[in-house]
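Student: What follows is a single structure, and I will ask about it in a moment.
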Amino acid sequence: MNKLFHGNLLVLAMTVVLVGTLSSCTEPDSERAELSPPTQTESALLDRARAIHEAVLVLDAHADIEIPDKPSRYAGEDGLSRVAPEKMRSGGVDAVVMAAAVGPGPRNAEGYAAARRTADEEIAAVVALANDPANNAVIPRTADELVAAHALGKSSLILGFQNALILGTEVSVLDELYAAGVRVFALTHMGHNDFADSSRPLYIGELGTHEPVAEHGGLSELGIAAIKRINVLGGIVDITQLSRQAALQVLELSRAPVIASHSNVRALSDVSRNLSDEEIDRIGETGGVIHVAPFRGYLFDSSDEALVANIRSARRSAGVEEDYLYPFELYWEIEDPQAQAAFLNAISELLGPGSLDDMLDHIDYIVERIGVDHVGIGTDFNHGSGIVDFNDASEALNVTVGLLRRGYSAEDIEKIWGGNFLRVFREAERVSSL
């Protein structure tokens, strides 16, 4: 699906799809349903969804970078990235934040150097994608460049990074990454680092122990300096995977709105990695955006007592730390590869394939709590994410169809898919000039 709307054609397309749109989704579900058209054929709904999807900026706020021809447990069944350029085009996805992400590693000179090498390799892979004319892609460095790429029908590969292990202990490395084109910055992944506490403390196998729940009490002095520097540079702060305390500190400290690039609702799926109501409310109050992910481990119904009991039983049987409800958490404690695979398969069967409705429930929750201006979509593709009907970028239209079915208007969908992210991007740029 080529997205070649630009100039007056874009205005015309939006005018067409906005005629007779569903009501604004700032109202609760029940009220949206009452205001929706009483009947609508599937073909008419699909046509309308395609028109909206073609017209708006469809942006995925987070996917990990896959290195071509490098073995990966998370690639698609075809062995390719779930956000490969051809899948983006097929699904009408205009932009993806491609995150140079590293897992935990030793916090010493060797560990820092290894993390930086990985990040540099991943960034180089995205640059190579953009340099290949067959991909018709660019790496935008400003909000205006992102909008211009969309108008010209080009795919945008926005560079991000995740895990300040990449920085070592030097805030100045942020400047180097920004100069290389990185625009979205998340300080933590799994495990604490020198900058901040993670929502997922690490099991240290060689020591046979766990990290404390909090090492820094949120942000360290390095972390505080990093947030200030990201604001000065004009980057977008991403609070994904920060501990609750660290996230709230960032929300107090940052002069620009922040995003959570792939975080879901803890009230619906009670895992440490999801956002509490307090965090959700503060993100709304400060103008930020929460991007919901189609990741089964962030979407399961934690009010289902039988499911929770079965998850806990599977964890206990595998000898995995029981304090964590997040189904897949700390599975790396299992040293035997066959036992680890058996555990992951057991959890996967318990969770089932996941559904688009599960994901839309999390979007609805955020909209009803803090409004449609504060929600987006960040898939976390290439790191285990994927549900029925949204398993890679080629299936993105299904999300637009689902949003229409739930009563969201064309204007709402434009905000959810990319408009809200774009607003934060512009505000981050504005704040940097102050």
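Ligands are numbered from 1 in the order shown, residues from 1 within each chain, and chains are lettered A, B, ... in the order they appear in the structure tokens.
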As a ChimeraX atom specification, please: every residue in range 80-282 of chain A that a backbone DSSP assignment puts in alpha helix (DSSP H).
Tutor: /A:85-91,109-131,143-151,173-179,221-233,244-253,277-282
Student: Using only C-alpha atoms, which residues sit within 10 Å of Arg282 in chain A once same-chain residues fewer than 4 positions away are excluded, as a list of chain:residue names?
Tutor: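 Once the adjacent positions are removed, what remains is A:Ala247, A:Leu248, A:Leu251, A:Glu252, A:Asp277, A:Glu278, A:Thr286, A:Gly287, A:Gly288, A:Ile370.
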Student: Generate a file of the selected residues that holds N, CA and C atoms, formatted as an mmCIF file, in the first residue's frame.
Tutor:
```
data_model
loop_
_atom_site.group_PDB
_atom_site.id
_atom_site.type_symbol
_atom_site.label_atom_id
_atom_site.label_comp_id
_atom_site.auth_asym_id
_atom_site.auth_seq_id
_atom_site.Cartn_x
_atom_site.Cartn_y
_atom_site.Cartn_z
ATOM 1 N N ALA A 247 10.365 6.909 36.972
ATOM 2 C CA ALA A 247 9.470 7.517 35.986
ATOM 3 C C ALA A 247 8.836 8.793 36.541
ATOM 4 N N LEU A 248 8.376 8.738 37.782
ATOM 5 C CA LEU A 248 7.761 9.926 38.374
ATOM 6 C C LEU A 248 8.773 11.054 38.538
ATOM 7 N N LEU A 251 9.160 12.689 35.190
ATOM 8 C CA LEU A 251 8.002 13.513 34.879
ATOM 9 C C LEU A 251 8.037 14.848 35.614
ATOM 10 N N GLU A 252 8.663 14.888 36.765
ATOM 11 C CA GLU A 252 8.850 16.152 37.482
ATOM 12 C C GLU A 252 9.984 16.971 36.880
ATOM 13 N N ASP A 277 -1.604 3.698 37.580
ATOM 14 C CA ASP A 277 -2.503 4.831 37.351
ATOM 15 C C ASP A 277 -1.823 6.147 37.693
ATOM 16 N N GLU A 278 -0.988 6.144 38.722
ATOM 17 C CA GLU A 278 -0.296 7.382 39.088
ATOM 18 C C GLU A 278 0.608 7.857 37.961
ATOM 19 N N THR A 286 1.223 16.204 32.164
ATOM 20 C CA THR A 286 2.412 16.868 31.608
ATOM 21 C C THR A 286 2.465 16.815 30.083
ATOM 22 N N GLY A 287 1.384 16.352 29.456
ATOM 23 C CA GLY A 287 1.292 16.419 28.004
ATOM 24 C C GLY A 287 1.938 15.279 27.258
ATOM 25 N N GLY A 288 2.276 14.205 27.942
ATOM 26 C CA GLY A 288 2.979 13.103 27.304
ATOM 27 C C GLY A 288 2.050 12.116 26.612
ATOM 28 N N ILE A 370 -7.224 9.693 30.756
ATOM 29 C CA ILE A 370 -6.495 10.951 30.551
ATOM 30 C C ILE A 370 -6.733 11.583 29.188
#
```
Student: Find the spatial neighbours of range 170-179 of chain A, counting only C-alpha atoms, within a cut-off of 8 Å - ignore same-chain residues fewer than 6 positions away - and output them as a ChimeraX atom specification.
Tutor: /A:222,225-226,229-230,233,235
Student: As a VMD selection string, please: the residues near Pro85 in chain A (cut-off 12 Å, only C-alpha atoms, same-chain neighbours under 4 positions excluded).
Tutor: chain A and resid 1 to 2 80 to 81 89 to 96 98 126 129 to 130 132 to 138 154 to 157 392 to 394
Student: Taking only C-alpha atoms into account, name the residue in A:Leu404, A:Val375, A:Ala396, A:Ala341 that is nearest to Ala44 in chain A.
Tutor: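 Of A:Leu404, A:Val375, A:Ala396, A:Ala341, the one nearest Ala44 in chain A is A:Leu404, counting only C-alpha atoms.
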Student: Report as a list in words: the residues of range 31-115 of chain A with a DSSP assignment of strand (DSSP E), based on the backbone of this structure.
Tutor: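 Assigned to strand (DSSP E), within range 31-115 of chain A: Leu59, Asp60, Ala61, His62, Ala63, Asp64, Ala95, Val96, Val97, Met98, Ala99, Ala100 and Ala101 of chain A.
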Student: Write a file of the selected residues as a PDB file, in the first residue's frame, keeping C-alpha atoms.
Tutor:
```
ATOM      1  CA  LEU A  59       3.761   5.701  13.346  1.00  0.00           C
ATOM      2  CA  ASP A  60       5.052   2.866  15.504  1.00  0.00           C
ATOM      3  CA  ALA A  61       6.888   4.366  18.488  1.00  0.00           C
ATOM      4  CA  HIS A  62       9.157   1.376  19.195  1.00  0.00           C
ATOM      5  CA  ALA A  63      10.649  -1.630  17.457  1.00  0.00           C
ATOM      6  CA  ASP A  64      14.012  -3.238  18.110  1.00  0.00           C
ATOM      7  CA  ALA A  95       7.304   5.608  10.403  1.00  0.00           C
ATOM      8  CA  VAL A  96       8.922   3.398  13.009  1.00  0.00           C
ATOM      9  CA  VAL A  97      11.177   4.368  15.895  1.00  0.00           C
ATOM     10  CA  MET A  98      14.020   1.890  15.465  1.00  0.00           C
ATOM     11  CA  ALA A  99      15.648   1.438  18.866  1.00  0.00           C
ATOM     12  CA  ALA A 100      19.276   0.538  19.334  1.00  0.00           C
ATOM     13  CA  ALA A 101      18.589  -1.593  22.387  1.00  0.00           C
TER      14      ALA A 101
END
```
Student: Could you pull the residues within 7 Å of Val184 in chain A, counting only C-alpha atoms, minus those fewer than 2 positions along the same chain, as JSON, numbers by chain?
Tutor: {"A": [159, 160, 161, 182, 186, 235, 236, 237, 238]}
Student: How many Å lie between CA of Ala314 in chain A and CA of Gly386 in chain A, rounded to one decimal?
Tutor: 22.0 Å
Student: Have a look at CA of Trp417 in chain A and CA of Leu57 in chain A and let me know their distance in Å, one decimal.
Tutor: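 Pair CA of Trp417 in chain A / CA of Leu57 in chain A returns 6.5 Å.
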Student: For Ala109 in chain A, list every protein, DNA or RNA residue within 12 Å, evaluated using only C-alpha atoms, and leave out those in the same chain fewer than 5 positions away; present the list as a list in words.
Tutor: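 Using only C-alpha atoms, the neighbours found are Ala114, Ala115, Arg116, Leu165, Ile166, Leu167, Gly168, Thr169 and Glu170 of chain A.
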Student: For a test of reading the model, state the distance in Å between CA of Leu187 in chain A and CA of Ile334 in chain A, rounded to one decimal.
Tutor: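 Here the two named atoms are 26.9 Å from each other.
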